[in-house]
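Student: This is the structure I want to talk about, given as structure tokens.
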Amino acid sequence: MNNLSDSLKRTTWNFFSGSQLTFGPGAIGTLTGVLRREQSQRVLVVSDQVLCEAGIVTQAEVAIQQSNSKMEIFRDGEIEPSTETVEKLIEVATEFKPDLFVAIGGGSNMDLAKAAAAAFSSQSDVESLFGFNQVITATAKVVCIPTTAGTGSEVTHSAILKNSTTGNKAAILSQHIRPDVAIVDPQLTLSCPPQVSAESGIDALTHAIEAYLVRNFFAFSENFDQGLPYEGNHPLGDMYAEKAMCLIGQNLQRVIDDPHDLAARSGMALAATLAGVAYSSCGVSLAHALEYPIGAAFHCSHGVGNGIVLPAVMEYWSTTRQSRVAQIAGFLGVAQSENMPIAEAADAAISRVRELRERIGLPTGLSAVGGNETDIAGLANTAMSLDRLVALSPVTTTLEDLTGILRASL
């Protein structure tokens, strides 16, 4: 069966999603109803000190109190969640014995909760869960409430952690860690600083663009035993990615110019969630493969790293995916792009991404975060080792190709 499954190209694709998505201003108040319907008795809230001091966690506390559930709050979330912090959270969970986790914050807090819920439920060491499909049973229920518009972690099947032993980032990938409920309340992003909003926004854009451009689903072989970590590009993924790109084109600069514009914040919150749905099904590829070593080497945010390499990745793919890159121009609001020759529209899409990145104040190259020519070989080698991401490239990618993308991103 394994030999057969390895040789069969697919004629079908799959789509996975969480159980519930609640969206809109004031949505955090619906947490009470979620807990009542789940008949949750013990709720472990996962957040950080900044959000506690900002009063955002208090809003969740009120909703939990109204459900009559017992509550414990973990306040030690960090910018890059580490396996060490996951272990601390597991210790709290072991003592408190929650039946439901509520994560409040950006992707870091949500990934922290997802990883801890999996390790706690399976009584496993968190490092043993790295890779695809190592979480093989349902975990404690997880509710995610994002306070940034970027990662889409509230709807994805992944948790990215820094391995405290090696210092490297690693991923847990399993359909069993996809949150049961996502509560997306754009009002919670109103206090998000412009820099974080910009970094989160370009992250969401990278998710949408890569999901739209990755290798097609039918290029992959069936795996009847394990399934696939990502499906490759498919029509339903296109629908989510296209809408996400349109919303980002309309709203990202607006939230930087006026952080209190709730309509723009709502547009970005929805875009981030839609992009999360798209990429957690279709996949991401070279921008993310390159970002992981860039972030580790120069200690820049995930969004900054993605933004640095995204235009050059699009350019590298523009020959194979030229018509799709051209379509992105229209999604991002390039005037009259539908009347341009395809090659011109593709160039306009790449230029629009560069322009947007600059207008929202993000670094425009590796040199801006401390990189130079001597760093390229090491970064390219590390990125090339991330087989799961590189395999999703619509172009068969070599080490020399990655070196060229990095050189173009200096």
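Within each chain, counting starts at residue 1; across the structure tokens, chains are named A, B, ... in the order shown, with ligands numbered 1 upward in that order.
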If we count only C-alpha atoms, what is near Ile308 in chain A at a cut-off of 9 Å, once residues fewer than 4 positions away on the same chain are taken out, given as a PyMOL selection string?
Tutor: chain A and resi 287+291+303-304+312+357+362-366+409-410
Student: Could you list, as a list of chain:residue names, every residue within 9 Å of Ile28 in chain A, counting only C-alpha atoms and ignoring same-chain residues fewer than 4 positions away?
Tutor: A:Thr22, A:Gly24, A:Thr32, A:Gln59, A:Ala60, A:Ala63, A:Ile145, A:Ile183, A:Val184, A:Asp185, A:Leu188
Student: Keeping only N, CA and C atoms, write those residues as a short mmCIF file (atom, residue, chain, number, x, y, z; two decimals), in the first residue's frame.
Tutor:
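And here's part08.cif as it stands now:
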```
data_model
loop_
_atom_site.label_atom_id
_atom_site.label_comp_id
_atom_site.auth_asym_id
_atom_site.auth_seq_id
_atom_site.Cartn_x
_atom_site.Cartn_y
_atom_site.Cartn_z
N THR A 22 -16.34 32.79 15.13
CA THR A 22 -17.21 33.92 15.45
C THR A 22 -16.44 35.19 15.15
N GLY A 24 -16.49 39.60 14.54
CA GLY A 24 -17.13 40.90 14.58
C GLY A 24 -16.78 41.68 15.83
N THR A 32 -18.72 33.51 26.63
CA THR A 32 -19.62 32.94 27.64
C THR A 32 -20.46 31.82 27.06
N GLN A 59 -11.49 41.41 29.79
CA GLN A 59 -12.74 41.19 29.05
C GLN A 59 -13.06 39.71 28.96
N ALA A 60 -12.03 38.89 28.77
CA ALA A 60 -12.25 37.44 28.74
C ALA A 60 -12.62 36.93 30.12
N ALA A 63 -16.28 37.36 30.72
CA ALA A 63 -17.08 36.38 29.98
C ALA A 63 -16.99 35.00 30.62
N ILE A 145 -8.37 33.63 20.61
CA ILE A 145 -8.88 34.99 20.46
C ILE A 145 -7.71 35.88 20.06
N ILE A 183 -12.48 33.10 17.98
CA ILE A 183 -13.29 34.29 18.23
C ILE A 183 -12.46 35.49 17.78
N VAL A 184 -12.85 36.10 16.67
CA VAL A 184 -12.07 37.18 16.07
C VAL A 184 -12.83 38.49 16.28
N ASP A 185 -12.30 39.31 17.18
CA ASP A 185 -12.93 40.57 17.57
C ASP A 185 -12.02 41.72 17.13
N LEU A 188 -10.31 44.27 19.50
CA LEU A 188 -9.13 43.93 20.29
C LEU A 188 -7.83 44.34 19.61
#
```
Student: Please report the interatomic distance between CA of Val135 in chain A and CA of Ser17 in chain A in Å with one decimal.
Tutor: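 One can read the CA of Val135 in chain A to CA of Ser17 in chain A distance as 16.5 Å.
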Student: Apply DSSP to the backbone of this structure and, from range 270-300 of chain A, keep only the residues in alpha helix (DSSP H); write these as an MDAnalysis selection string.
Tutor: chainID A and resid 270:282 286:298
Student: Put those residues in a file: N, CA and C atoms, as a PDB file, in the first residue's frame.
Tutor:
```
ATOM      1  N   LEU A 270     -10.270  40.163   9.348  1.00  0.00           N
ATOM      2  CA  LEU A 270     -10.858  39.133   8.495  1.00  0.00           C
ATOM      3  C   LEU A 270      -9.824  38.605   7.506  1.00  0.00           C
ATOM      4  N   ALA A 271      -9.023  39.502   6.948  1.00  0.00           N
ATOM      5  CA  ALA A 271      -7.997  39.085   5.985  1.00  0.00           C
ATOM      6  C   ALA A 271      -7.023  38.098   6.606  1.00  0.00           C
ATOM      7  N   ALA A 272      -6.589  38.377   7.825  1.00  0.00           N
ATOM      8  CA  ALA A 272      -5.624  37.492   8.482  1.00  0.00           C
ATOM      9  C   ALA A 272      -6.212  36.108   8.707  1.00  0.00           C
ATOM     10  N   THR A 273      -7.481  36.062   9.117  1.00  0.00           N
ATOM     11  CA  THR A 273      -8.130  34.773   9.332  1.00  0.00           C
ATOM     12  C   THR A 273      -8.302  34.021   8.015  1.00  0.00           C
ATOM     13  N   LEU A 274      -8.744  34.709   6.979  1.00  0.00           N
ATOM     14  CA  LEU A 274      -8.919  34.062   5.677  1.00  0.00           C
ATOM     15  C   LEU A 274      -7.582  33.559   5.128  1.00  0.00           C
ATOM     16  N   ALA A 275      -6.531  34.367   5.280  1.00  0.00           N
ATOM     17  CA  ALA A 275      -5.207  33.946   4.819  1.00  0.00           C
ATOM     18  C   ALA A 275      -4.735  32.739   5.616  1.00  0.00           C
ATOM     19  N   GLY A 276      -5.065  32.699   6.914  1.00  0.00           N
ATOM     20  CA  GLY A 276      -4.719  31.541   7.731  1.00  0.00           C
ATOM     21  C   GLY A 276      -5.406  30.282   7.238  1.00  0.00           C
ATOM     22  N   VAL A 277      -6.681  30.406   6.899  1.00  0.00           N
ATOM     23  CA  VAL A 277      -7.418  29.260   6.350  1.00  0.00           C
ATOM     24  C   VAL A 277      -6.771  28.798   5.050  1.00  0.00           C
ATOM     25  N   ALA A 278      -6.407  29.772   4.184  1.00  0.00           N
ATOM     26  CA  ALA A 278      -5.824  29.426   2.882  1.00  0.00           C
ATOM     27  C   ALA A 278      -4.494  28.700   3.034  1.00  0.00           C
ATOM     28  N   TYR A 279      -3.599  29.278   3.823  1.00  0.00           N
ATOM     29  CA  TYR A 279      -2.264  28.671   3.861  1.00  0.00           C
ATOM     30  C   TYR A 279      -2.231  27.398   4.688  1.00  0.00           C
ATOM     31  N   SER A 280      -3.106  27.274   5.698  1.00  0.00           N
ATOM     32  CA  SER A 280      -3.070  26.049   6.490  1.00  0.00           C
ATOM     33  C   SER A 280      -3.635  24.872   5.703  1.00  0.00           C
ATOM     34  N   SER A 281      -4.295  25.152   4.589  1.00  0.00           N
ATOM     35  CA  SER A 281      -4.720  24.078   3.699  1.00  0.00           C
ATOM     36  C   SER A 281      -3.724  23.906   2.550  1.00  0.00           C
ATOM     37  N   CYS A 282      -3.451  24.997   1.829  1.00  0.00           N
ATOM     38  CA  CYS A 282      -2.622  24.907   0.624  1.00  0.00           C
ATOM     39  C   CYS A 282      -1.131  24.841   0.942  1.00  0.00           C
ATOM     40  N   LEU A 286       8.702  29.199  -0.055  1.00  0.00           N
ATOM     41  CA  LEU A 286      10.067  29.714   0.020  1.00  0.00           C
ATOM     42  C   LEU A 286      10.212  30.944   0.900  1.00  0.00           C
ATOM     43  N   ALA A 287       9.222  31.833   0.928  1.00  0.00           N
ATOM     44  CA  ALA A 287       9.343  33.006   1.794  1.00  0.00           C
ATOM     45  C   ALA A 287       9.481  32.571   3.242  1.00  0.00           C
ATOM     46  N   HIS A 288       8.685  31.599   3.645  1.00  0.00           N
ATOM     47  CA  HIS A 288       8.755  31.111   5.015  1.00  0.00           C
ATOM     48  C   HIS A 288      10.026  30.294   5.249  1.00  0.00           C
ATOM     49  N   ALA A 289      10.429  29.499   4.274  1.00  0.00           N
ATOM     50  CA  ALA A 289      11.663  28.734   4.431  1.00  0.00           C
ATOM     51  C   ALA A 289      12.857  29.659   4.640  1.00  0.00           C
ATOM     52  N   LEU A 290      12.870  30.772   3.940  1.00  0.00           N
ATOM     53  CA  LEU A 290      13.964  31.735   4.081  1.00  0.00           C
ATOM     54  C   LEU A 290      13.827  32.563   5.357  1.00  0.00           C
ATOM     55  N   GLU A 291      12.590  32.829   5.775  1.00  0.00           N
ATOM     56  CA  GLU A 291      12.386  33.663   6.967  1.00  0.00           C
ATOM     57  C   GLU A 291      12.894  32.991   8.225  1.00  0.00           C
ATOM     58  N   TYR A 292      12.736  31.683   8.349  1.00  0.00           N
ATOM     59  CA  TYR A 292      13.136  31.022   9.592  1.00  0.00           C
ATOM     60  C   TYR A 292      14.616  31.266   9.917  1.00  0.00           C
ATOM     61  N   PRO A 293      15.551  31.038   9.005  1.00  0.00           N
ATOM     62  CA  PRO A 293      16.945  31.353   9.340  1.00  0.00           C
ATOM     63  C   PRO A 293      17.210  32.852   9.457  1.00  0.00           C
ATOM     64  N   ILE A 294      16.490  33.673   8.696  1.00  0.00           N
ATOM     65  CA  ILE A 294      16.673  35.122   8.812  1.00  0.00           C
ATOM     66  C   ILE A 294      16.263  35.600  10.202  1.00  0.00           C
ATOM     67  N   GLY A 295      15.100  35.146  10.667  1.00  0.00           N
ATOM     68  CA  GLY A 295      14.635  35.538  11.997  1.00  0.00           C
ATOM     69  C   GLY A 295      15.587  35.086  13.078  1.00  0.00           C
ATOM     70  N   ALA A 296      16.102  33.860  12.945  1.00  0.00           N
ATOM     71  CA  ALA A 296      17.022  33.327  13.955  1.00  0.00           C
ATOM     72  C   ALA A 296      18.349  34.082  13.954  1.00  0.00           C
ATOM     73  N   ALA A 297      18.828  34.445  12.765  1.00  0.00           N
ATOM     74  CA  ALA A 297      20.143  35.079  12.666  1.00  0.00           C
ATOM     75  C   ALA A 297      20.116  36.546  13.085  1.00  0.00           C
ATOM     76  N   PHE A 298      19.031  37.249  12.742  1.00  0.00           N
ATOM     77  CA  PHE A 298      19.023  38.703  12.936  1.00  0.00           C
ATOM     78  C   PHE A 298      17.978  39.166  13.955  1.00  0.00           C
TER      79      PHE A 298
END
```
Student: Which of these residues is nearest to Pro146 in chain A, using only C-alpha atoms: A:Ala219, A:Ile405, A:Ala263, A:Ile56?
Tutor: A:Ile56
Student: Go through A:Ala368, A:Arg36, A:Glu72, A:Thr396 one by one, measure the shortest atom-to-atom distance of each to Arg215 in chain A using only C-alpha atoms, and give the residue with the smallest value.
Tutor: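 Looking only at the distances to Arg215 in chain A, the closest residue turns out to be A:Thr396.
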Student: So the first atom is CA of Ala326 in chain A and the second is CA of Cys246 in chain A; what is the distance between them in Å, to one decimal place?
Tutor: 13.7 Å
Student: Please extract the residues of range 124-298 of chain A with a backbone DSSP assignment of strand (DSSP E or B) and present them as a PDB file with N, CA and C atoms, in the first residue's frame.
Tutor:
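Output file states-v9.pdb follows:
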```pdb
ATOM      1  N   GLY A 131       7.155  18.112  13.986  1.00  0.00           N
ATOM      2  CA  GLY A 131       6.982  17.399  12.731  1.00  0.00           C
ATOM      3  C   GLY A 131       5.512  17.267  12.399  1.00  0.00           C
ATOM      4  N   PHE A 132       5.222  16.460  11.403  1.00  0.00           N
ATOM      5  CA  PHE A 132       3.851  16.281  10.931  1.00  0.00           C
ATOM      6  C   PHE A 132       3.206  15.044  11.534  1.00  0.00           C
ATOM      7  N   LYS A 141      -9.915  20.966  24.552  1.00  0.00           N
ATOM      8  CA  LYS A 141     -10.496  21.996  23.687  1.00  0.00           C
ATOM      9  C   LYS A 141      -9.666  23.279  23.755  1.00  0.00           C
ATOM     10  N   VAL A 142      -9.538  23.951  22.604  1.00  0.00           N
ATOM     11  CA  VAL A 142      -8.786  25.203  22.526  1.00  0.00           C
ATOM     12  C   VAL A 142      -9.645  26.263  21.845  1.00  0.00           C
ATOM     13  N   VAL A 143      -9.755  27.422  22.505  1.00  0.00           N
ATOM     14  CA  VAL A 143     -10.418  28.603  21.939  1.00  0.00           C
ATOM     15  C   VAL A 143      -9.343  29.656  21.732  1.00  0.00           C
ATOM     16  N   CYS A 144      -9.254  30.213  20.533  1.00  0.00           N
ATOM     17  CA  CYS A 144      -8.250  31.237  20.241  1.00  0.00           C
ATOM     18  C   CYS A 144      -8.914  32.579  19.961  1.00  0.00           C
ATOM     19  N   ILE A 145      -8.369  33.628  20.608  1.00  0.00           N
ATOM     20  CA  ILE A 145      -8.884  34.989  20.457  1.00  0.00           C
ATOM     21  C   ILE A 145      -7.711  35.875  20.063  1.00  0.00           C
ATOM     22  N   PRO A 146      -7.527  36.167  18.771  1.00  0.00           N
ATOM     23  CA  PRO A 146      -6.366  36.959  18.343  1.00  0.00           C
ATOM     24  C   PRO A 146      -6.510  38.439  18.689  1.00  0.00           C
ATOM     25  N   SER A 158      -1.024  24.418  12.913  1.00  0.00           N
ATOM     26  CA  SER A 158       0.407  24.448  13.210  1.00  0.00           C
ATOM     27  C   SER A 158       0.680  25.265  14.457  1.00  0.00           C
ATOM     28  N   ALA A 159       1.784  24.954  15.112  1.00  0.00           N
ATOM     29  CA  ALA A 159       2.294  25.745  16.226  1.00  0.00           C
ATOM     30  C   ALA A 159       3.803  25.833  16.045  1.00  0.00           C
ATOM     31  N   ILE A 160       4.313  27.062  15.957  1.00  0.00           N
ATOM     32  CA  ILE A 160       5.735  27.292  15.741  1.00  0.00           C
ATOM     33  C   ILE A 160       6.370  27.656  17.082  1.00  0.00           C
ATOM     34  N   LEU A 161       7.406  26.921  17.461  1.00  0.00           N
ATOM     35  CA  LEU A 161       8.075  27.135  18.738  1.00  0.00           C
ATOM     36  C   LEU A 161       9.577  27.248  18.528  1.00  0.00           C
ATOM     37  N   LYS A 162      10.232  27.940  19.461  1.00  0.00           N
ATOM     38  CA  LYS A 162      11.694  27.936  19.496  1.00  0.00           C
ATOM     39  C   LYS A 162      12.134  26.804  20.414  1.00  0.00           C
ATOM     40  N   LYS A 169      13.858  27.266  15.370  1.00  0.00           N
ATOM     41  CA  LYS A 169      12.401  27.173  15.319  1.00  0.00           C
ATOM     42  C   LYS A 169      11.998  25.815  14.761  1.00  0.00           C
ATOM     43  N   ALA A 170      10.914  25.292  15.284  1.00  0.00           N
ATOM     44  CA  ALA A 170      10.381  24.019  14.790  1.00  0.00           C
ATOM     45  C   ALA A 170       8.863  24.086  14.845  1.00  0.00           C
ATOM     46  N   ALA A 171       8.210  23.230  14.070  1.00  0.00           N
ATOM     47  CA  ALA A 171       6.756  23.275  13.943  1.00  0.00           C
ATOM     48  C   ALA A 171       6.120  21.973  14.388  1.00  0.00           C
ATOM     49  N   ILE A 172       4.996  22.108  15.078  1.00  0.00           N
ATOM     50  CA  ILE A 172       4.081  20.990  15.303  1.00  0.00           C
ATOM     51  C   ILE A 172       2.974  21.137  14.271  1.00  0.00           C
ATOM     52  N   LEU A 173       2.748  20.108  13.485  1.00  0.00           N
ATOM     53  CA  LEU A 173       1.723  20.139  12.436  1.00  0.00           C
ATOM     54  C   LEU A 173       0.792  18.953  12.614  1.00  0.00           C
ATOM     55  N   VAL A 181     -12.498  26.582  18.437  1.00  0.00           N
ATOM     56  CA  VAL A 181     -13.268  27.810  18.269  1.00  0.00           C
ATOM     57  C   VAL A 181     -12.296  28.967  18.056  1.00  0.00           C
ATOM     58  N   ALA A 182     -12.576  29.800  17.062  1.00  0.00           N
ATOM     59  CA  ALA A 182     -11.857  31.057  16.851  1.00  0.00           C
ATOM     60  C   ALA A 182     -12.839  32.199  17.076  1.00  0.00           C
ATOM     61  N   ILE A 183     -12.478  33.102  17.977  1.00  0.00           N
ATOM     62  CA  ILE A 183     -13.291  34.294  18.229  1.00  0.00           C
ATOM     63  C   ILE A 183     -12.459  35.488  17.783  1.00  0.00           C
ATOM     64  N   VAL A 184     -12.852  36.098  16.669  1.00  0.00           N
ATOM     65  CA  VAL A 184     -12.074  37.181  16.068  1.00  0.00           C
ATOM     66  C   VAL A 184     -12.834  38.491  16.277  1.00  0.00           C
ATOM     67  N   ASN A 216       0.480  23.035  -7.346  1.00  0.00           N
ATOM     68  CA  ASN A 216      -0.893  22.539  -7.401  1.00  0.00           C
ATOM     69  C   ASN A 216      -1.047  21.201  -6.677  1.00  0.00           C
ATOM     70  N   SER A 221       1.880  13.240  -4.554  1.00  0.00           N
ATOM     71  CA  SER A 221       1.436  11.852  -4.491  1.00  0.00           C
ATOM     72  C   SER A 221       0.516  11.643  -3.303  1.00  0.00           C
ATOM     73  N   ASN A 233      -1.910  23.947  -3.799  1.00  0.00           N
ATOM     74  CA  ASN A 233      -2.934  24.907  -4.224  1.00  0.00           C
ATOM     75  C   ASN A 233      -4.178  24.210  -4.759  1.00  0.00           C
TER      76      ASN A 233
END
```
Student: So, counting only C-alpha atoms, which residue among A:Ile328, A:Ala208, A:Ala383, A:Val62 is closest to Leu402 in chain A?
Tutor: A:Ala383
Student: Of the candidates A:Glu210, A:Asp76, A:Glu315, A:Glu127, which shows the shortest atom-to-atom distance to Ile350 in chain A, using only C-alpha atoms?
Tutor: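 Selected residue with least distance to Ile350 in chain A: A:Glu315.
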Student: Give the answer as one residue: which of A:Val390, A:Ile177, A:Ala345, A:Val309 has the shortest atom-to-atom distance to Arg407 in chain A, using only C-alpha atoms?
Tutor: A:Val309
Student: Out of A:Gly333, A:Gly267, A:Ala377, A:Ala113, which residue has the shortest atom-to-atom distance to Gly249 in chain A when counting only C-alpha atoms?
Tutor: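 Between A:Gly333, A:Gly267, A:Ala377, A:Ala113, the residue approaching Gly249 in chain A most closely is A:Gly333.
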Student: If we count only C-alpha atoms, what is near range 250-252 of chain A at a cut-off of 9 Å, once residues fewer than 6 positions away on the same chain are taken out, given as a PyMOL selection string?
Tutor: chain A and resi 197-198+201-202+263-268+332-333+356+360
Student: Write the residues of the selection above to a file with N, CA and C atoms, as a PDB file, in the first residue's frame.
Tutor:
```
ATOM      1  N   SER A 197       1.251  46.182  13.849  1.00  0.00           N
ATOM      2  CA  SER A 197       0.211  46.076  12.821  1.00  0.00           C
ATOM      3  C   SER A 197       0.825  45.883  11.442  1.00  0.00           C
ATOM      4  N   ALA A 198       1.916  46.617  11.171  1.00  0.00           N
ATOM      5  CA  ALA A 198       2.587  46.497   9.878  1.00  0.00           C
ATOM      6  C   ALA A 198       3.206  45.117   9.712  1.00  0.00           C
ATOM      7  N   GLY A 201       0.484  42.554   9.317  1.00  0.00           N
ATOM      8  CA  GLY A 201      -0.192  42.680   8.030  1.00  0.00           C
ATOM      9  C   GLY A 201       0.598  42.075   6.887  1.00  0.00           C
ATOM     10  N   ILE A 202       1.915  42.304   6.869  1.00  0.00           N
ATOM     11  CA  ILE A 202       2.721  41.732   5.783  1.00  0.00           C
ATOM     12  C   ILE A 202       2.825  40.222   5.939  1.00  0.00           C
ATOM     13  N   ALA A 263     -13.286  50.080  10.835  1.00  0.00           N
ATOM     14  CA  ALA A 263     -13.625  49.398   9.582  1.00  0.00           C
ATOM     15  C   ALA A 263     -12.375  48.780   8.954  1.00  0.00           C
ATOM     16  N   ALA A 264     -11.268  49.546   8.961  1.00  0.00           N
ATOM     17  CA  ALA A 264     -10.014  49.022   8.409  1.00  0.00           C
ATOM     18  C   ALA A 264      -9.476  47.892   9.283  1.00  0.00           C
ATOM     19  N   ARG A 265      -9.586  48.050  10.594  1.00  0.00           N
ATOM     20  CA  ARG A 265      -9.155  46.984  11.501  1.00  0.00           C
ATOM     21  C   ARG A 265      -9.970  45.711  11.262  1.00  0.00           C
ATOM     22  N   SER A 266     -11.268  45.881  11.032  1.00  0.00           N
ATOM     23  CA  SER A 266     -12.116  44.719  10.754  1.00  0.00           C
ATOM     24  C   SER A 266     -11.694  44.032   9.460  1.00  0.00           C
ATOM     25  N   GLY A 267     -11.369  44.846   8.447  1.00  0.00           N
ATOM     26  CA  GLY A 267     -10.914  44.285   7.184  1.00  0.00           C
ATOM     27  C   GLY A 267      -9.634  43.490   7.337  1.00  0.00           C
ATOM     28  N   MET A 268      -8.696  44.019   8.120  1.00  0.00           N
ATOM     29  CA  MET A 268      -7.434  43.302   8.325  1.00  0.00           C
ATOM     30  C   MET A 268      -7.621  42.062   9.192  1.00  0.00           C
ATOM     31  N   LEU A 332      -4.554  43.529  -5.220  1.00  0.00           N
ATOM     32  CA  LEU A 332      -3.930  44.548  -4.384  1.00  0.00           C
ATOM     33  C   LEU A 332      -4.229  45.970  -4.840  1.00  0.00           C
ATOM     34  N   GLY A 333      -5.114  46.108  -5.826  1.00  0.00           N
ATOM     35  CA  GLY A 333      -5.604  47.431  -6.190  1.00  0.00           C
ATOM     36  C   GLY A 333      -4.774  48.190  -7.193  1.00  0.00           C
ATOM     37  N   LEU A 356       4.022  48.781  -0.871  1.00  0.00           N
ATOM     38  CA  LEU A 356       3.249  48.655   0.359  1.00  0.00           C
ATOM     39  C   LEU A 356       4.171  48.425   1.548  1.00  0.00           C
ATOM     40  N   ILE A 360       4.377  51.167   4.774  1.00  0.00           N
ATOM     41  CA  ILE A 360       3.995  50.856   6.153  1.00  0.00           C
ATOM     42  C   ILE A 360       5.208  50.791   7.080  1.00  0.00           C
TER      43      ILE A 360
END
```
Student: At what distance in Å, to one decimal, does CA of Ile209 in chain A lie from CA of Met245 in chain A?
Tutor: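 Answer for the CA of Met245 in chain A to CA of Ile209 in chain A separation: 7.4 Å.
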Student: Contacts of range 100-109 of chain A at 8 Å or less, counting only C-alpha atoms, minus same-chain residues fewer than 2 places along, as a VMD selection string?
Tutor: chain A and resid 40 42 to 48 51 57 77 to 81 98 111 to 113 117 140 to 154 160
Student: Please provide the set of residues having any atom within 12 Å of Glu231 in chain A, restricted to only C-alpha atoms, with same-chain residues fewer than 2 positions apart removed, written as JSON, numbers by chain.
Tutor: {"A": [10, 11, 12, 13, 14, 15, 16, 211, 214, 215, 216, 217, 218, 219, 220, 221, 222, 223, 227, 228, 229, 233, 234, 235, 236, 237, 278, 279, 280, 281, 282, 283, 284, 388, 389, 391, 392]}
